[in-house]
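Below is one structure, written out as structure tokens; the observations come after it.
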Amino acid sequence: MKDRTYELDRAHVFHSWSAQASLTPMVVERAEGSYLWDNDGTKLLDFSSQLVFTNIGHQHPRVVKAIQDQAATLCTIAPQHANAARSEAAHLIAELAPGDLDRVFFTNGGADAVEHAVRMARLHTGRRKVLSRYRSYHGGTQTAINLTGDPRRWPNDVGADGVVHFFGPFLYRSEFHATTEAEECERALAHLEHTIQLEGPDTIAAIILETIPGTAGIMPPPPGYLEGVRALCDRYGIVWIADEVMAGFGRTGTWFALDLYDAVPDLITFAKGVTSGYVPMGGVIISPRIAATFDDRPYPGGLTYSGHPLAAAAAVATIETMKDEKMVEHAAMLGEEVFGPELRAMAERHACVGEVRGVGAFWALDLVADAATKEPLAPYGGSSPAMNEVIAACKKGGMLPFANFNRIHVVPALNITVDEAREGLAALDAALTVGDAHVHSVGDAHAGA
């Protein structure tokens with residue numbers, strides 16, 4: 001059976017974001033809690049939450065049972081009909097949302113949530129352009145991939161989707177020659193306003209931002225930046241869309257990453273952690289102002305499986321379980337007492353760590369080959385033998401990492417125990433020694449950090 005699974009995969013499955021001929025996917029036989037087992041029986045601590053979505057860990061019995069119970073009652077129903085699971089999920093999500101956002105449009109995942117949020121903004125404003133930052137990821141569908149600010153956009157981008165990119169704040173690799181967070185914030189906001197003015201405010205429907213960019217590098221914005229974005233949107237009549245697909249539902253030690261800041265968007269996209277990935281679900285949380293646009297005017301969009309009962313039941317059980325087991329509070333504690341201190345200590349020990357960034361259970365290590373120049377250990381948009389060696393060392397140490405370009409992300413389940421977290425950190429610590437061997441200039445190990 002083990003060989004058959006792999007052989008059928010290679011014969012028939014077309015994998016995403018991959019050159020098909022060179023793939024050797026790991027066969028996963030089972031998973032439980034913070035661990036998974038491959039087809040050789042090797043146990044790995046999942047420090048990736050897969051694609052940062054198993055926020056409550058694998059196979060949580062309470063959510064599994066909720067899905068089973070829903071399947072026995074009502075497996076599916078068309079979205080024009082109300083059903084108990086969807087109504088309760090919308091209620092719980094609206095309760096958690098910041099400000100007065102209280103309406104939920106359900107989608108099947110994060111990319112189509114972004115598609116519909118942009119459509120809502122365009123219809124609400126009557127404008128076409130959408131601004132998004134470089135170093136971002138918003139999904140793989142047509143609008144979402146064009147909004148994306150990483151190299152996966154390039155093969156799909158013909159410049160015809162009304163998207164304009166700008167630089168967001170990122171002090172470690174500042175585009176603004178800033179030396180402090182305050183300077184970075186001020187200059188990034190000035191750059192954004194200049195972009196708005198030069199593009200023409202009356203042409204811009206929305207600005208979309210990951211509250212804390214995830215796949216692009218886990219870069220918490222400096223104090224005041226999101227508040228400044230809110231003020232610019234108000235000044236120029238632009239809709240602000242906050243992408244919380246990865247950062248939402250406890251990942252940052254708060255229900256939404258937005259809860260860390262004093263700014264409320266017009267639309268919020270979500271997915272991933274809302275069901276811990278057990279059944280696919282995404283959505284858009286909508287402010288009354290945007291929702292009112294469609295009070296007497298039909299919203300021209302929908303999905304066959306919008307608010308699917310199995311997904312909605314998973315969402316309800318996930319949210320209630322996270323509340324009852326205080327997983328969000330636990331994630332905040334992990335960030336403050338375990339991940340933050342121990343990752344910063346690793347940065348002091350390892351020359352290959354240029355910067356540590358993060359909050360809650362949402363951290364990134366920026367790995368460098370030259371600490372003085374901040375030359376990345378792998379090129380932007382690619383990998384390298386050095387990074388491959390670090391990743392292999394993590395796996396050899398029993399930990400499955402999340403890696404992207406020159407970074408290792410520490411993004412385990414929110415309910416990982418302290419002992420399990422330290423187990424994964426020990427494996428990472430050992431793996432970083434492999435990265436140190438590729439550093440060719442130690443210099444000032446924390447220049448610009």
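Ligands are numbered from 1 in the order shown, chains are lettered A, B, ... in the order of the structure tokens, and residues start at 1 in each chain.
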
Skip segment 266-274 of chain A itself and residues of its chain fewer than 5 positions away, then list as a list in words all residues within 6 Å of it, counting only C-alpha atoms. Phe53, Asn55, Gly109, Gly110, Ala113, Trp240, Ile241, Ala242, Asp243, Glu244, Val245, Phe249, Met281, Gly282, Gly283, Val284, Ile285, Ile286, Ser287 and Ala315 of chain A

Residue selection dump (N, CA and C atoms) as a PDB file, in the first residue's frame:
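Result file again39.pdb:
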```pdb
ATOM      1  N   PHE A  53      -1.917  26.125   8.683  1.00  0.00           N
ATOM      2  CA  PHE A  53      -3.368  26.095   8.868  1.00  0.00           C
ATOM      3  C   PHE A  53      -3.850  25.141   9.953  1.00  0.00           C
ATOM      4  N   ASN A  55      -4.076  24.991  13.004  1.00  0.00           N
ATOM      5  CA  ASN A  55      -3.887  25.796  14.207  1.00  0.00           C
ATOM      6  C   ASN A  55      -4.218  25.040  15.488  1.00  0.00           C
ATOM      7  N   GLY A 109     -11.956  29.011   0.220  1.00  0.00           N
ATOM      8  CA  GLY A 109     -10.576  29.173   0.650  1.00  0.00           C
ATOM      9  C   GLY A 109     -10.160  30.624   0.586  1.00  0.00           C
ATOM     10  N   GLY A 110      -8.877  30.866   0.838  1.00  0.00           N
ATOM     11  CA  GLY A 110      -8.378  32.227   0.937  1.00  0.00           C
ATOM     12  C   GLY A 110      -8.308  32.966  -0.381  1.00  0.00           C
ATOM     13  N   ALA A 113     -11.640  34.120  -1.394  1.00  0.00           N
ATOM     14  CA  ALA A 113     -12.038  35.204  -0.501  1.00  0.00           C
ATOM     15  C   ALA A 113     -11.457  36.529  -0.974  1.00  0.00           C
ATOM     16  N   TRP A 240     -10.093  49.557   2.394  1.00  0.00           N
ATOM     17  CA  TRP A 240      -8.956  48.807   2.935  1.00  0.00           C
ATOM     18  C   TRP A 240      -9.394  47.368   3.183  1.00  0.00           C
ATOM     19  N   ILE A 241      -8.694  46.436   2.506  1.00  0.00           N
ATOM     20  CA  ILE A 241      -8.912  45.005   2.682  1.00  0.00           C
ATOM     21  C   ILE A 241      -7.753  44.453   3.504  1.00  0.00           C
ATOM     22  N   ALA A 242      -8.054  43.867   4.648  1.00  0.00           N
ATOM     23  CA  ALA A 242      -7.033  43.215   5.468  1.00  0.00           C
ATOM     24  C   ALA A 242      -7.069  41.718   5.194  1.00  0.00           C
ATOM     25  N   ASP A 243      -5.964  41.186   4.699  1.00  0.00           N
ATOM     26  CA  ASP A 243      -5.843  39.754   4.420  1.00  0.00           C
ATOM     27  C   ASP A 243      -5.348  39.074   5.689  1.00  0.00           C
ATOM     28  N   GLU A 244      -6.239  38.325   6.330  1.00  0.00           N
ATOM     29  CA  GLU A 244      -5.917  37.601   7.566  1.00  0.00           C
ATOM     30  C   GLU A 244      -5.963  36.090   7.339  1.00  0.00           C
ATOM     31  N   VAL A 245      -5.782  35.664   6.088  1.00  0.00           N
ATOM     32  CA  VAL A 245      -5.899  34.243   5.762  1.00  0.00           C
ATOM     33  C   VAL A 245      -4.919  33.412   6.584  1.00  0.00           C
ATOM     34  N   PHE A 249      -7.182  33.873  13.282  1.00  0.00           N
ATOM     35  CA  PHE A 249      -7.633  32.763  14.114  1.00  0.00           C
ATOM     36  C   PHE A 249      -6.527  32.217  15.015  1.00  0.00           C
ATOM     37  N   MET A 281     -12.453  26.057   3.965  1.00  0.00           N
ATOM     38  CA  MET A 281     -13.382  27.173   4.116  1.00  0.00           C
ATOM     39  C   MET A 281     -12.598  28.476   4.110  1.00  0.00           C
ATOM     40  N   GLY A 282     -13.175  29.511   3.508  1.00  0.00           N
ATOM     41  CA  GLY A 282     -12.659  30.867   3.593  1.00  0.00           C
ATOM     42  C   GLY A 282     -13.832  31.811   3.662  1.00  0.00           C
ATOM     43  N   GLY A 283     -13.531  33.099   3.615  1.00  0.00           N
ATOM     44  CA  GLY A 283     -14.627  34.048   3.620  1.00  0.00           C
ATOM     45  C   GLY A 283     -14.176  35.487   3.689  1.00  0.00           C
ATOM     46  N   VAL A 284     -15.150  36.360   3.600  1.00  0.00           N
ATOM     47  CA  VAL A 284     -14.942  37.804   3.702  1.00  0.00           C
ATOM     48  C   VAL A 284     -15.845  38.318   4.813  1.00  0.00           C
ATOM     49  N   ILE A 285     -15.255  39.040   5.768  1.00  0.00           N
ATOM     50  CA  ILE A 285     -16.036  39.716   6.802  1.00  0.00           C
ATOM     51  C   ILE A 285     -16.230  41.158   6.337  1.00  0.00           C
ATOM     52  N   ILE A 286     -17.474  41.634   6.357  1.00  0.00           N
ATOM     53  CA  ILE A 286     -17.854  42.837   5.631  1.00  0.00           C
ATOM     54  C   ILE A 286     -18.367  43.896   6.594  1.00  0.00           C
ATOM     55  N   SER A 287     -17.919  45.121   6.394  1.00  0.00           N
ATOM     56  CA  SER A 287     -18.411  46.240   7.195  1.00  0.00           C
ATOM     57  C   SER A 287     -19.825  46.617   6.749  1.00  0.00           C
ATOM     58  N   ALA A 315     -15.785  24.836  11.443  1.00  0.00           N
ATOM     59  CA  ALA A 315     -15.453  26.175  11.919  1.00  0.00           C
ATOM     60  C   ALA A 315     -16.010  26.409  13.319  1.00  0.00           C
TER      61      ALA A 315
END
```

Using only C-alpha atoms, tabulate the residues of segment 8-104 of chain A lying at most 9 Å from any atom of segment 290-308 of chain A, each with its closest atom pair and that distance in Å to one decimal, by chain and increasing residue number, as CSV.
```
residue,atom,partner,partner_atom,distance
A:Cys75,CA,A:His308,CA,8.3
A:Thr76,CA,A:His308,CA,6.2
A:Ile77,CA,A:His308,CA,7.1
A:Ala78,CA,A:Thr304,CA,6.7
A:Pro79,CA,A:Ser306,CA,5.7
A:Asn83,CA,A:Gly307,CA,8.8
A:Ala85,CA,A:Gly307,CA,8.3
A:Arg86,CA,A:Gly307,CA,5.5
A:Ser87,CA,A:Gly307,CA,8.7
A:Ala89,CA,A:Gly307,CA,8.6
A:Ala90,CA,A:Gly307,CA,8.9
A:Arg103,CA,A:Ala291,CA,7.4
```

Nearest candidate to Val239 of chain A (options A:Glu186, A:Arg344, A:His124, A:Ser136; using only C-alpha atoms): A:His124

Write out as CSV the residues of segment 232-296 of chain A that have any atom within 10 Å of an atom of segment 59-71 of chain A, one row each with the nearest atom pair and its distance in Å to one decimal, counting only C-alpha atoms, sorted by chain and then rising number.
```
residue,atom,partner,partner_atom,distance
A:Thr275,CA,A:Val63,CA,8.6
A:Ser276,CA,A:Val63,CA,9.2
A:Tyr278,CA,A:Val64,CA,8.1
A:Val279,CA,A:Ile67,CA,8.6
```

Tell me, in Å to one decimal, how far atom CA of Ala392 of chain A is from atom CA of Ala247 of chain A. 26.6 Å

Alpha helix (DSSP H) residues, from DSSP on the backbone, in segment 81-189 of chain A, as a ChimeraX atom specification: /A:84-96,110-125,142-147,181-189

Export of the given selection (N, CA and C atoms) as a compact mmCIF listing (two decimals), in the first residue's frame:
```
# COMPACT_ATOMS: atom_id res chain seq x y z
N ALA A 84 -28.14 25.49 10.05
CA ALA A 84 -27.73 25.83 11.41
C ALA A 84 -26.23 26.02 11.53
N ALA A 85 -25.45 25.15 10.90
CA ALA A 85 -23.98 25.24 11.03
C ALA A 85 -23.46 26.54 10.44
N ARG A 86 -23.95 26.91 9.27
CA ARG A 86 -23.47 28.14 8.64
C ARG A 86 -23.89 29.37 9.44
N SER A 87 -25.12 29.40 9.94
CA SER A 87 -25.58 30.54 10.72
C SER A 87 -24.75 30.71 11.98
N GLU A 88 -24.45 29.61 12.66
CA GLU A 88 -23.67 29.69 13.89
C GLU A 88 -22.23 30.10 13.58
N ALA A 89 -21.65 29.56 12.51
CA ALA A 89 -20.28 29.95 12.14
C ALA A 89 -20.20 31.44 11.85
N ALA A 90 -21.16 31.97 11.10
CA ALA A 90 -21.15 33.40 10.79
C ALA A 90 -21.27 34.22 12.06
N HIS A 91 -22.13 33.79 12.97
CA HIS A 91 -22.30 34.50 14.25
C HIS A 91 -20.99 34.53 15.04
N LEU A 92 -20.32 33.40 15.16
CA LEU A 92 -19.09 33.33 15.94
C LEU A 92 -17.98 34.17 15.30
N ILE A 93 -17.87 34.12 13.98
CA ILE A 93 -16.83 34.89 13.29
C ILE A 93 -17.10 36.39 13.43
N ALA A 94 -18.36 36.80 13.27
CA ALA A 94 -18.71 38.21 13.42
C ALA A 94 -18.42 38.71 14.83
N GLU A 95 -18.66 37.88 15.83
CA GLU A 95 -18.36 38.25 17.21
C GLU A 95 -16.87 38.51 17.42
N LEU A 96 -16.03 37.77 16.73
CA LEU A 96 -14.58 37.90 16.89
C LEU A 96 -14.01 39.06 16.09
N GLY A 110 -8.88 30.87 0.84
CA GLY A 110 -8.38 32.23 0.94
C GLY A 110 -8.31 32.97 -0.38
N ALA A 111 -7.90 32.28 -1.45
CA ALA A 111 -7.77 32.96 -2.74
C ALA A 111 -9.10 33.47 -3.24
N ASP A 112 -10.14 32.65 -3.15
CA ASP A 112 -11.44 33.15 -3.63
C ASP A 112 -12.04 34.15 -2.66
N ALA A 113 -11.64 34.12 -1.39
CA ALA A 113 -12.04 35.20 -0.50
C ALA A 113 -11.46 36.53 -0.97
N VAL A 114 -10.20 36.52 -1.38
CA VAL A 114 -9.56 37.72 -1.91
C VAL A 114 -10.25 38.17 -3.20
N GLU A 115 -10.55 37.23 -4.07
CA GLU A 115 -11.25 37.57 -5.32
C GLU A 115 -12.56 38.31 -5.02
N HIS A 116 -13.33 37.81 -4.07
CA HIS A 116 -14.62 38.42 -3.79
C HIS A 116 -14.48 39.72 -3.02
N ALA A 117 -13.49 39.83 -2.14
CA ALA A 117 -13.28 41.11 -1.45
C ALA A 117 -12.93 42.20 -2.45
N VAL A 118 -12.09 41.89 -3.42
CA VAL A 118 -11.74 42.87 -4.44
C VAL A 118 -12.96 43.22 -5.29
N ARG A 119 -13.75 42.23 -5.62
CA ARG A 119 -14.97 42.50 -6.41
C ARG A 119 -15.90 43.42 -5.64
N MET A 120 -16.07 43.16 -4.35
CA MET A 120 -16.92 44.03 -3.53
C MET A 120 -16.40 45.45 -3.51
N ALA A 121 -15.09 45.61 -3.34
CA ALA A 121 -14.50 46.94 -3.29
C ALA A 121 -14.67 47.67 -4.61
N ARG A 122 -14.49 46.98 -5.71
CA ARG A 122 -14.63 47.61 -7.02
C ARG A 122 -16.08 48.03 -7.27
N LEU A 123 -17.01 47.18 -6.91
CA LEU A 123 -18.41 47.53 -7.11
C LEU A 123 -18.85 48.64 -6.18
N HIS A 124 -18.33 48.64 -4.96
CA HIS A 124 -18.69 49.68 -3.99
C HIS A 124 -18.18 51.05 -4.43
N THR A 125 -16.96 51.10 -4.96
CA THR A 125 -16.35 52.38 -5.31
C THR A 125 -16.57 52.79 -6.76
N GLN A 142 -6.76 34.16 -10.39
CA GLN A 142 -6.27 35.20 -11.30
C GLN A 142 -6.03 36.55 -10.63
N THR A 143 -7.03 37.10 -9.96
CA THR A 143 -6.83 38.38 -9.30
C THR A 143 -5.84 38.24 -8.15
N ALA A 144 -6.00 37.18 -7.36
CA ALA A 144 -5.16 37.00 -6.18
C ALA A 144 -3.69 36.85 -6.53
N ILE A 145 -3.38 36.12 -7.60
CA ILE A 145 -1.97 35.93 -7.94
C ILE A 145 -1.38 37.22 -8.49
N ASN A 146 -2.19 38.03 -9.15
CA ASN A 146 -1.69 39.31 -9.63
C ASN A 146 -1.49 40.30 -8.48
N LEU A 147 -2.28 40.18 -7.44
CA LEU A 147 -2.08 40.99 -6.24
C LEU A 147 -0.83 40.58 -5.48
N GLU A 181 12.34 52.04 13.43
CA GLU A 181 10.97 51.67 13.07
C GLU A 181 10.13 52.92 12.78
N ALA A 182 10.36 53.97 13.53
CA ALA A 182 9.60 55.20 13.32
C ALA A 182 9.88 55.79 11.94
N GLU A 183 11.17 55.81 11.55
CA GLU A 183 11.51 56.30 10.21
C GLU A 183 10.91 55.41 9.13
N GLU A 184 10.99 54.09 9.34
CA GLU A 184 10.45 53.16 8.34
C GLU A 184 8.96 53.39 8.16
N CYS A 185 8.24 53.56 9.26
CA CYS A 185 6.80 53.80 9.21
C CYS A 185 6.49 55.08 8.45
N GLU A 186 7.13 56.17 8.85
CA GLU A 186 6.87 57.46 8.23
C GLU A 186 7.16 57.44 6.74
N ARG A 187 8.29 56.87 6.37
CA ARG A 187 8.69 56.87 4.95
C ARG A 187 7.85 55.90 4.12
N ALA A 188 7.46 54.78 4.72
CA ALA A 188 6.61 53.84 3.98
C ALA A 188 5.23 54.45 3.72
N LEU A 189 4.70 55.17 4.70
CA LEU A 189 3.40 55.82 4.50
C LEU A 189 3.49 56.95 3.47
```

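If you measure from each of A:Gly358, A:Pro288, A:Gly382, A:Pro341 to Leu101 of chain A using only C-alpha atoms, the closest one turns out to be A:Pro288.
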
Contacts of Tyr225 of chain A at 12 Å or less, counting only C-alpha atoms, minus same-chain residues fewer than 2 places along, as a ChimeraX atom specification? /A:168-170,181-192,209,211-212,220-223,227-232,258,260-263

Please produce a file of those selected residues containing C-alpha atoms, as a tab-separated table (two decimals), in the first residue's frame.
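Final output, out-v3.tsv:
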```tsv
chain	number	residue	atom	x	y	z
A	168	GLY	CA	5.58	48.08	2.54
A	169	PRO	CA	7.58	48.62	5.73
A	170	PHE	CA	10.39	46.11	6.35
A	181	GLU	CA	10.97	51.67	13.07
A	182	ALA	CA	9.60	55.20	13.32
A	183	GLU	CA	11.51	56.30	10.21
A	184	GLU	CA	10.45	53.16	8.34
A	185	CYS	CA	6.80	53.80	9.21
A	186	GLU	CA	6.87	57.46	8.23
A	187	ARG	CA	8.69	56.87	4.95
A	188	ALA	CA	6.61	53.84	3.98
A	189	LEU	CA	3.40	55.82	4.50
A	190	ALA	CA	4.79	58.75	2.49
A	191	HIS	CA	5.70	56.34	-0.31
A	192	LEU	CA	2.20	54.84	-0.26
A	209	LEU	CA	-2.50	44.19	2.88
A	211	THR	CA	-1.95	42.47	8.36
A	212	ILE	CA	1.30	40.62	9.04
A	220	PRO	CA	4.94	42.76	11.73
A	221	PRO	CA	4.29	46.35	10.65
A	222	PRO	CA	5.82	49.12	12.77
A	223	PRO	CA	3.61	50.97	15.25
A	227	GLU	CA	-3.37	53.33	11.43
A	228	GLY	CA	-1.72	55.43	8.72
A	229	VAL	CA	-3.09	53.17	5.99
A	230	ARG	CA	-6.57	53.58	7.49
A	231	ALA	CA	-6.18	57.37	7.42
A	232	LEU	CA	-5.02	57.34	3.78
A	258	LEU	CA	-5.57	43.26	13.60
A	260	LEU	CA	-2.59	44.03	17.87
A	261	TYR	CA	-3.22	47.39	16.19
A	262	ASP	CA	-5.64	50.29	16.52
A	263	ALA	CA	-7.07	50.23	13.01
```

Just want the 12 Å neighbourhood of Ala427 of chain A, counted on only C-alpha atoms, with same-chain residues fewer than 5 positions away dropped. Output as a PDB file with C-alpha atoms, in the first residue's frame.
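Final output, selection-v5.pdb:
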```pdb
ATOM      1  CA  LEU A  44       8.145  14.267  12.647  1.00  0.00           C
ATOM      2  CA  LEU A  45       7.205  17.232  14.806  1.00  0.00           C
ATOM      3  CA  ASP A  46       5.126  19.486  12.559  1.00  0.00           C
ATOM      4  CA  PHE A  47       6.627  22.957  12.939  1.00  0.00           C
ATOM      5  CA  MET A 346      19.720  31.341  18.671  1.00  0.00           C
ATOM      6  CA  VAL A 390      19.428  23.340   6.642  1.00  0.00           C
ATOM      7  CA  ILE A 391      15.998  21.933   5.770  1.00  0.00           C
ATOM      8  CA  ALA A 392      17.400  18.396   5.553  1.00  0.00           C
ATOM      9  CA  ALA A 393      19.065  18.837   8.942  1.00  0.00           C
ATOM     10  CA  CYS A 394      15.750  19.910  10.473  1.00  0.00           C
ATOM     11  CA  LYS A 395      14.067  16.759   9.159  1.00  0.00           C
ATOM     12  CA  LYS A 396      16.966  14.581  10.280  1.00  0.00           C
ATOM     13  CA  GLY A 397      16.445  16.052  13.720  1.00  0.00           C
ATOM     14  CA  GLY A 398      12.796  14.974  13.664  1.00  0.00           C
ATOM     15  CA  MET A 399      11.217  18.346  12.832  1.00  0.00           C
ATOM     16  CA  LEU A 400       9.253  19.274   9.707  1.00  0.00           C
ATOM     17  CA  PRO A 401      10.010  22.954   8.930  1.00  0.00           C
ATOM     18  CA  VAL A 410       8.446  28.653  13.142  1.00  0.00           C
ATOM     19  CA  GLU A 420       7.156  19.975  22.169  1.00  0.00           C
ATOM     20  CA  ALA A 421       7.998  23.557  21.215  1.00  0.00           C
ATOM     21  CA  ARG A 422      11.408  23.222  22.832  1.00  0.00           C
ATOM     22  CA  LEU A 432      21.375  26.217  12.028  1.00  0.00           C
ATOM     23  CA  THR A 433      24.925  24.992  12.665  1.00  0.00           C
ATOM     24  CA  VAL A 434      24.759  23.664   9.107  1.00  0.00           C
TER      25      VAL A 434
END
```

Could you pull out all residues of segment 13-151 of chain A with a DSSP call of strand (DSSP E or B) and give them as a count of residues only? 25

Using atom CA of Gly360 of chain A and atom CA of Trp37 of chain A as the two end points, give the distance in Å to one decimal. 26.0 Å

Rank nothing, just name the residue among A:Leu414, A:Ala317, A:Ile408, A:Ile238 nearest to Leu334 of chain A, using only C-alpha atoms.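 Going through A:Leu414, A:Ala317, A:Ile408, A:Ile238 one by one, the smallest distance to Leu334 of chain A is for A:Leu414.
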
A:Val130, A:Ile207, A:Ala31, A:Val104 ranked by distance to Thr54 of chain A, top pick (using only C-alpha atoms): A:Ala31

Identify which of the residues A:Cys352, A:Ala178, A:Val13, A:Ala313 lies closest to Pro376 of chain A, counting only C-alpha atoms when measuring atom-to-atom distances. A:Cys352

Neighbours of Leu365 of chain A within 8 Å (only C-alpha atoms; same-chain residues fewer than 2 positions away dropped), as a PyMOL selection string? chain A and resi 353-357+363+367+407-410
